[in-house]
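Asker: Sending over a structure as structure tokens; questions will come in a sec.
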Amino acid sequence: MKLTLYIWRQKNAADKGHMEKYQLNDVMEDMSFLEMLDVLNEDLILKGKEPVAFDHDCREGICGACSLTINGVPHGPEKATTTCQLHMRKFKDGDSIYIEPFRAKAFPVIKDLVVDRSAFDRIMQAGGFIGVSTGNAPDAHSVPVSKKNADLAMDAAACIGCGACVAACPNAAAMLFVAAKVSQFALLPQGQPERKKRVLSMVSQMQKEGFGACTNFYECEAVCPKQVSVRFIAKMNRDYLCSRVTEAVEV
Amino acid sequence: MTLDSKIPSGPIQDKWDKHKFEMKLINPANKRKYKVIVVGTGLAGASAAASLAELGYVVEAFTYNDSPRRAHSIAAQGGINAAKNYPNDGDSIWRLFYDTVKGGDFRSREANVYRLAQVSNNIIDQCVAQGVPFAREYGGLLDNRSFGGAQVSRTFYARGQTGQQLLLGAYSALSRAIGKKQVTMHIRKELKDLVIIDGRVRGIVTRDLVSGKIESYWADAVILATGGYGNVFFLSTNAQACNVTATYRAYKKGAFFANPCYTQIHPTCIPVSGEHQSKLTLMSESLRNDGRIWVPKNQGDKRKPNDIPENERDYYLERKYPSFGNLSPRDISSRSAKEVCDEGRGVGSTGYGVYLDFADAINRLGKHVIEERYGNLFEMYERITGEDPYMTPMRIYPASHYTMGGLWVDYNLMSTIPGLHVLGEANFSDHGANRLGASALMQGLADGYFVIPYTIGNYFGSNKFDKITIEHEEFKKAEAEVAEKTNTLLSINGKKTPTMFHRELGKIMWEYCGMARNEAGLKKALELVPALREEFWQNLTVTGEGNDLNVSLEKAGRVADFLEFAEVMLWDALERNESCGAHFREEHQYPDGEAKRDDEHFTHVAAWEFQGVGKKPIRNIEPLEFENVKLAVRSYK
């Protein structure tokens with residue numbers, strides 16, 4: 001099939017950036033979206049031009065590296081699918097496709113479609129862990145966990161940290177990402193000792209990074225490739241409120 | 001040269017405990033005087049960085065990804081083994097040890113494998129304490145399942161995302177240490193060389209992938225946890241960035257590369273759909289429990305699978321191996337698929353694929369049962385291929401998946417370069433000639449959480465370290481070499497992209513050093529690879545600049561190293577004139593196609609020593625002694 005691509009090109013963080021038009025003539029429907037971009041890039045290199053930079057790695061929908069806003073939707077049109085797992089059969093001959101980076105104040109563009117998502121790492125460093133040093137652990141069976149809670153914790157833990165939730169949110173909120181991690185630990189007995197401190201520190205860091213707040217658009221859930229539920233946001237809000245009034249910590 | 005593996009004396013059960021007692025300790029106040037560099041932040045690297053930081057060492061960790069959480073450990077699906085014996089089905093440390101040695105076709109080091117089995121239980125404890133959401137029973141306790149090569153249920157899992165959850169556990173421990181300023185984390189920086197001073201590793205040189213800056217970092221010890229080299233085949237189940245550069249650079253600086261020919265091919269991956277293909281996706285092997293594998297009887301039969309009548313189908317595994325049928329071992333299934341495709345009977349647009357058909361199972365058990373068992377896999381298959389496996393048979397083909405070979409390390413996980421430690425898939429240690437399912441995660445975390453924290457202290461305690469800085473001439477020399485190489489790559493101005501060379505190399509390696517190898521083919525590849533390498537340095541084109549985020553330059557550097565490394569792999573495959581585990585030499589097989597070992601001549605590790613690019617490396621030997629497991633024909637019949 002033939003496609004017209006409009007791709008965001010930006011030399012570096014300081015550059016203003018612009019959309020550039022490319023024509024591709026031999027796109028096969030079995031190609032993944034990123035393989036389609038590979039074809040474009042090979043072509044650009046052979047013409048002596050710089051290829052389009054984009055983040056990607058595992059190409060099987062689990063590492064969370066790939067991003068891209070495709071026709072205005074983070075990860076493109078297919079539900080519960082990362083960009084790397086999106087295939088060209090979801091498009092048709094003659095389509096125009098607009099490809100932009102994940103946009104948010106807290107995700108500055110590094111180059112072309114590559115953005116800096118290290119804000120997520122800093123939120124994790126602020127409290128996204130259970131403080132158990134190597135060797136400290138008791139026997140794995142010493143604390144039973146109800147299957148229901150273990151399953152719910154796994155639902156939350158499925159987050160791949162891609163940032164689509166932020167890119168989709170009109171407020172550029174990272175609530176779904178933070179709520180997923182807070183809830184995973186809040187649901188497990190191992191997470192209880194640091195439960196209050198954790199939610200306060202992670203939310204505080206989230207705000208420092210410049211992410212917005214949740215106003216219930218639910219766009220995050222709609223684009224989440226792992227279908228993490230917005231219910232975890234409600235859970236985190238409740239945890240946050242309880243912790244705020246009961247835990248006397250400076251945040 | 002015969003290598004000293006430094007295996008402690010005494011009965012195998014006591015070796016590790018005894019060694020832990022005998023090793024030197026560094027007192028808590030002195031640990032902060034030692035600096036460790038950890039390269040790679042997958043399971044092995046992240047767990048090592050976090051654990052060493054907790055002990056008090058100064059740690060600097062490096063990843064070329066934008067976050068430590070992206071490492072390819074994340075893609076492991078199945079699970080992690082441990083000898084907990086929670087199901088009460090007869091498991092023990094000894095049995096896990098035995099299964100792993102046997103699974104490795106008697107080409108691994110007994111003492112290492114025993115230690116792995118011993119610490120496997122601590123790993124599960126540690127991960128549960130970190131909040132890893134393992135699958136549980138209704139009673140609240142952990143669930144186990146069985147996996148290939150074992151008759152007990154010892155595999156712990158977190159849905160189909162065990163690797164992800166374990167990595168996120170290690171990443172959370174690492175994040176905690178970064179937050180406490182115990183670890184300095186460097187993202188988007190790629191190792192380009194190691195620096196050796198007075199015979200010991202003292203640092204690394206990296207390229208910042210955003211600014212292009214070439215930088216030096218010093219340390220008292222360096223840990224490489226940089227994964228395997230499966231991407232030498234171009235197409236593999238590895239992530240796009242996985243490469244051999246770190247371990248190959250170490251090899252060029254004097255670390256021996258052990259058993260590079262041991263590469264595992266997984267039989268059930270989604271086949272290549274065309275020349276554009278960038279990677280292959282693994283489908284869980286469990287599918288073979290209910291699917292029947294077949295190809296058309298006639299060459300070039302292009303009919304749709306459902307239009308091919310029963311009597312024109314060849315269920316070749318059931319035909320050739322009636323007792324095991326579709327559940328024949330990984331290597332046999334893989335090789336048989338290649339055979340029928342080479343005969344021109346492969347299916348799909350490329351002819352490199354075989355059918356995995358669920359029609360009989362659906363008729364017998366009902367669609368809902370199949371959906372319950374494999375629903376998520378069927379969905380993934382449909383997303384990638386656009387075909388509904390409930391209606392039309394799946395197409396599968398084998399793909400490169402894991403590399404058992406790696407840098408040679410002793411019992412302390414130290415390479416032949418003093419101070420250079422190698423963990424996880426990057427070393428050669430525990431899997432012998434074939435890795436069993438759910439053992440990679442176990443080994444990565446064992447090395448990082450429970451082995452290196454002890455052995456590195458012994459290295460520090462046994463040596464004196466002069467203060468150095470990155471102003472040392474060896475750093476400046478290495479930086480200059482890296483800069484020069486970068487400039488060379490940018491200035492060739494030829495006509496082929498790095499990916500084109502990589503794809504060509506992959507085809508050569510897959511054809512002659514893939515699932516089945518023979519002397520003539522390997523010799524031919526030993527001519528083709530140097531020729532391709534020569535062309536690379538004459539006809540490569542890389543656009544853009546060195547001082548910028550430059551994806552084609554990154555790729556070119558990695559391909560350049562693969563082009564040199566491939567030759568070491570070929571030499572190893574040629575000189576290991578036997579079949580063992582995943583290394584199948586067509587000259588050495590039993591009538592039923594099983595690998596035929598030559599224990600008299602090859603019960604050893606081959607560790608290759610660099611002699612110069614294009615020169616044949618020296619093959620050093622570490623004899624393997626089996627005192628606890630009797631050498632036997634590996635049979636799963």
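Residues in the structure tokens are numbered from 1 in each chain, the chains being A, B, ... in the order shown, and ligands are numbered from 1 in the order shown.
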At a cut-off of 6 Å, list the chain B residues touching chain A, using only C-alpha atoms, as a list in words.
Answerer: Ser51, Arg70, Asp125, Gln126, Val128, Ala129, Gln130, Pro133, Arg136, Tyr138, Gly140, Leu141, Ser172, Ser175, Arg176, Gly179, Ala239, Gln240, Thr543 and Gly544 of chain B
Asker: Excluding Ser204 of chain A and any residue of its chain fewer than 6 positions from it, enumerate the residues within 12 Å of it, using only C-alpha atoms, and give them as a PyMOL selection string.
Answerer: chain A and resi 122-127+174-175+178+197-198+210-213+240+244+249-251
Asker: Could you write out that same residue set with all heavy atoms as a short mmCIF file (atom, residue, chain, number, x, y, z; two decimals), in the first residue's frame?
Answerer:
data_model
loop_
_atom_site.label_atom_id
_atom_site.label_comp_id
_atom_site.auth_asym_id
_atom_site.auth_seq_id
_atom_site.Cartn_x
_atom_site.Cartn_y
_atom_site.Cartn_z
N ARG A 122 12.28 8.89 38.45
CA ARG A 122 12.45 9.67 39.69
C ARG A 122 11.27 9.47 40.64
O ARG A 122 11.44 9.48 41.86
CB ARG A 122 12.69 11.15 39.36
CG ARG A 122 14.08 11.41 38.76
CD ARG A 122 14.39 12.89 38.62
NE ARG A 122 13.53 13.53 37.62
CZ ARG A 122 13.79 13.57 36.31
NH1 ARG A 122 14.89 13.02 35.84
NH2 ARG A 122 12.99 14.18 35.47
N ILE A 123 10.09 9.29 40.08
CA ILE A 123 8.94 9.01 40.95
C ILE A 123 9.15 7.66 41.65
O ILE A 123 8.89 7.50 42.84
CB ILE A 123 7.63 9.00 40.14
CG1 ILE A 123 7.34 10.41 39.60
CG2 ILE A 123 6.47 8.50 40.98
CD1 ILE A 123 6.15 10.47 38.65
N MET A 124 9.65 6.71 40.88
CA MET A 124 9.92 5.38 41.47
C MET A 124 11.00 5.48 42.56
O MET A 124 10.90 4.84 43.61
CB MET A 124 10.39 4.41 40.38
CG MET A 124 9.29 3.96 39.45
SD MET A 124 8.11 2.87 40.29
CE MET A 124 9.13 1.40 40.50
N GLN A 125 12.02 6.30 42.28
CA GLN A 125 13.11 6.43 43.27
C GLN A 125 12.61 7.08 44.56
O GLN A 125 13.15 6.85 45.63
CB GLN A 125 14.25 7.26 42.67
CG GLN A 125 15.02 6.50 41.61
CD GLN A 125 15.67 7.41 40.57
OE1 GLN A 125 15.86 8.60 40.79
NE2 GLN A 125 16.01 6.84 39.41
N ALA A 126 11.54 7.88 44.44
CA ALA A 126 11.00 8.56 45.62
C ALA A 126 10.27 7.60 46.57
O ALA A 126 10.10 7.89 47.74
CB ALA A 126 10.07 9.68 45.19
N GLY A 127 9.81 6.46 46.02
CA GLY A 127 9.10 5.58 46.95
C GLY A 127 8.51 4.32 46.31
O GLY A 127 7.81 3.56 46.99
N ALA A 174 0.10 11.95 35.49
CA ALA A 174 0.74 10.63 35.56
C ALA A 174 0.04 9.77 36.60
O ALA A 174 0.63 8.83 37.15
CB ALA A 174 2.22 10.78 35.89
N MET A 175 -1.22 10.09 36.86
CA MET A 175 -1.94 9.43 37.95
C MET A 175 -2.06 7.92 37.75
O MET A 175 -1.95 7.14 38.68
CB MET A 175 -3.33 10.03 38.12
CG MET A 175 -3.33 11.47 38.55
SD MET A 175 -2.93 11.67 40.30
CE MET A 175 -4.55 11.54 41.04
N VAL A 178 1.36 6.27 38.52
CA VAL A 178 1.70 6.28 39.95
C VAL A 178 0.73 5.39 40.73
O VAL A 178 1.13 4.61 41.60
CB VAL A 178 1.69 7.72 40.51
CG1 VAL A 178 2.05 7.72 41.99
CG2 VAL A 178 2.67 8.59 39.73
N LYS A 197 3.87 6.45 53.77
CA LYS A 197 5.01 7.24 53.33
C LYS A 197 5.16 7.14 51.81
O LYS A 197 5.46 8.12 51.14
CB LYS A 197 6.25 6.69 54.03
CG LYS A 197 7.52 7.46 53.74
CD LYS A 197 8.61 7.02 54.72
CE LYS A 197 9.92 7.69 54.41
NZ LYS A 197 10.62 7.06 53.30
N ARG A 198 4.93 5.93 51.30
CA ARG A 198 5.13 5.70 49.87
C ARG A 198 4.21 6.59 49.04
O ARG A 198 4.65 7.30 48.14
CB ARG A 198 4.88 4.23 49.53
CG ARG A 198 5.00 3.93 48.03
CD ARG A 198 4.72 2.46 47.71
NE ARG A 198 5.56 1.58 48.49
CZ ARG A 198 5.10 0.73 49.41
NH1 ARG A 198 3.80 0.63 49.64
NH2 ARG A 198 5.93 -0.02 50.09
N GLY A 210 6.08 18.10 37.37
CA GLY A 210 5.26 18.90 36.46
C GLY A 210 4.11 18.15 35.79
O GLY A 210 3.56 18.62 34.80
N PHE A 211 3.76 16.99 36.34
CA PHE A 211 2.58 16.30 35.82
C PHE A 211 1.32 16.96 36.37
O PHE A 211 1.32 17.48 37.50
CB PHE A 211 2.59 14.82 36.24
CG PHE A 211 3.68 14.02 35.59
CD1 PHE A 211 4.81 13.64 36.30
CD2 PHE A 211 3.59 13.64 34.25
CE1 PHE A 211 5.82 12.91 35.71
CE2 PHE A 211 4.60 12.90 33.66
CZ PHE A 211 5.73 12.53 34.39
N GLY A 212 0.23 16.93 35.63
CA GLY A 212 -1.02 17.53 36.08
C GLY A 212 -1.77 16.62 37.02
O GLY A 212 -1.28 15.57 37.44
N ALA A 213 -2.99 17.01 37.35
CA ALA A 213 -3.82 16.21 38.25
C ALA A 213 -4.94 15.55 37.47
O ALA A 213 -5.24 15.93 36.34
CB ALA A 213 -4.39 17.09 39.34
N TYR A 240 -4.03 8.28 49.61
CA TYR A 240 -3.33 9.56 49.78
C TYR A 240 -4.02 10.38 50.86
O TYR A 240 -3.37 10.92 51.76
CB TYR A 240 -3.32 10.32 48.45
CG TYR A 240 -2.57 11.63 48.54
CD1 TYR A 240 -1.18 11.66 48.51
CD2 TYR A 240 -3.25 12.84 48.66
CE1 TYR A 240 -0.49 12.85 48.62
CE2 TYR A 240 -2.56 14.04 48.77
CZ TYR A 240 -1.17 14.05 48.74
OH TYR A 240 -0.48 15.23 48.84
N ARG A 244 -2.45 11.46 54.34
CA ARG A 244 -2.27 12.89 54.58
C ARG A 244 -2.76 13.26 55.98
O ARG A 244 -2.14 14.07 56.66
CB ARG A 244 -3.11 13.64 53.57
CG ARG A 244 -2.48 14.62 52.59
CD ARG A 244 -1.11 14.97 52.77
NE ARG A 244 -1.08 16.42 52.81
CZ ARG A 244 -0.06 17.15 52.44
NH1 ARG A 244 1.04 16.58 52.05
NH2 ARG A 244 -0.13 18.44 52.48
N VAL A 249 4.18 13.45 58.18
CA VAL A 249 5.49 13.54 57.51
C VAL A 249 5.56 14.82 56.71
O VAL A 249 4.57 15.28 56.14
CB VAL A 249 5.76 12.37 56.52
CG1 VAL A 249 6.69 11.37 57.12
CG2 VAL A 249 4.49 11.77 56.02
N GLU A 250 6.74 15.35 56.65
CA GLU A 250 6.98 16.52 55.80
C GLU A 250 7.13 16.02 54.38
O GLU A 250 7.92 15.13 54.12
CB GLU A 250 8.27 17.22 56.24
CG GLU A 250 8.13 18.01 57.53
CD GLU A 250 7.14 19.17 57.39
OE1 GLU A 250 7.24 19.91 56.40
OE2 GLU A 250 6.26 19.32 58.28
N VAL A 251 6.33 16.56 53.47
CA VAL A 251 6.51 16.18 52.07
C VAL A 251 6.65 17.41 51.20
O VAL A 251 6.30 18.49 51.60
CB VAL A 251 5.36 15.30 51.55
CG1 VAL A 251 5.47 13.91 52.10
CG2 VAL A 251 4.02 15.91 51.86
#
Asker: Quick one: residues within 10 Å of Cys220 of chain A, only C-alpha atoms, excluding same-chain residues fewer than 4 positions away - as a list in words?
Answerer: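 Once the adjacent positions are removed, what remains is Pro74, Gly163, Ala164, Cys165, Val166, Ala167, Ala168, Cys169, Pro170, Ala172, Ala173, Ala174, Met175, Leu176, Phe177, Cys214, Asn216, Cys224, Pro225, Gln227, Val228, Ser229 and Val230 of chain A.
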Asker: If you count only C-alpha atoms, which residues fall within 8 Å of Gly274 of chain B, apart from same-chain ones fewer than 2 positions away, as a VMD selection string?
Answerer: chain B and resid 272 276 to 277 349 to 350
Asker: Enter the distance from atom CA of Leu423 of chain B to atom CA of Asp143 of chain B, in Å, rounded to one decimal.
Answerer: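 Distance between the two atoms: 28.3 Å.
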Asker: Pick the closest to Tyr6 of chain A from A:Leu200, A:Ile97, A:Ile233, A:Cys66: which is it, counting only C-alpha atoms?
Answerer: A:Ile97
Asker: Give me the residues near segment 390-399 of chain B as a PyMOL selection string, where near means some atom within 6 Å (using only C-alpha atoms) and where sequence neighbours in that chain fewer than 3 positions away do not count.
Answerer: chain B and resi 236+265-271+334+353-357
Asker: For Phe358 of chain B, work out the shell of residues within 12 Å, counting only C-alpha atoms and skipping chain neighbours fewer than 2 positions away, then give it as a PyMOL selection string.
Answerer: chain B and resi 287-294+306+355-356+360-367+369-371+373-374+378+388-395
Asker: Counting only C-alpha atoms, which residue out of B:Thr263, B:Ser47, B:Ser120, B:Ser67 sits closest to Gly581 of chain B?
Answerer: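 Using only C-alpha atoms, the shortest distance to Gly581 of chain B belongs to B:Thr263.
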Asker: Quick one: residues within 12 Å of Ile7 of chain B, only C-alpha atoms, excluding same-chain residues fewer than 2 positions away - as an NGL selection string?
Answerer: :B and (3-5 or 9-12 or 14-16 or 18-19 or 109-115 or 409-413 or 622 or 624-625)
Asker: Could you check how far atom CA of Gly228 of chain B sits from atom CA of His186 of chain B, in Å to one decimal?
Answerer: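 These atoms are spaced 21.0 Å apart.
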Asker: Atom CA of Pro329 of chain B and atom CA of Lys630 of chain B are how many Å apart?
Answerer: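 Those two atoms sit 21.4 Å apart.
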Asker: May I ask which of the residues A:Gln10, A:Thr215, A:Ser183, A:Ser201 is the closest one to Pro101 of chain A, counting only C-alpha atoms?
Answerer: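 Ranking A:Gln10, A:Thr215, A:Ser183, A:Ser201 by distance to Pro101 of chain A, first place goes to A:Gln10.
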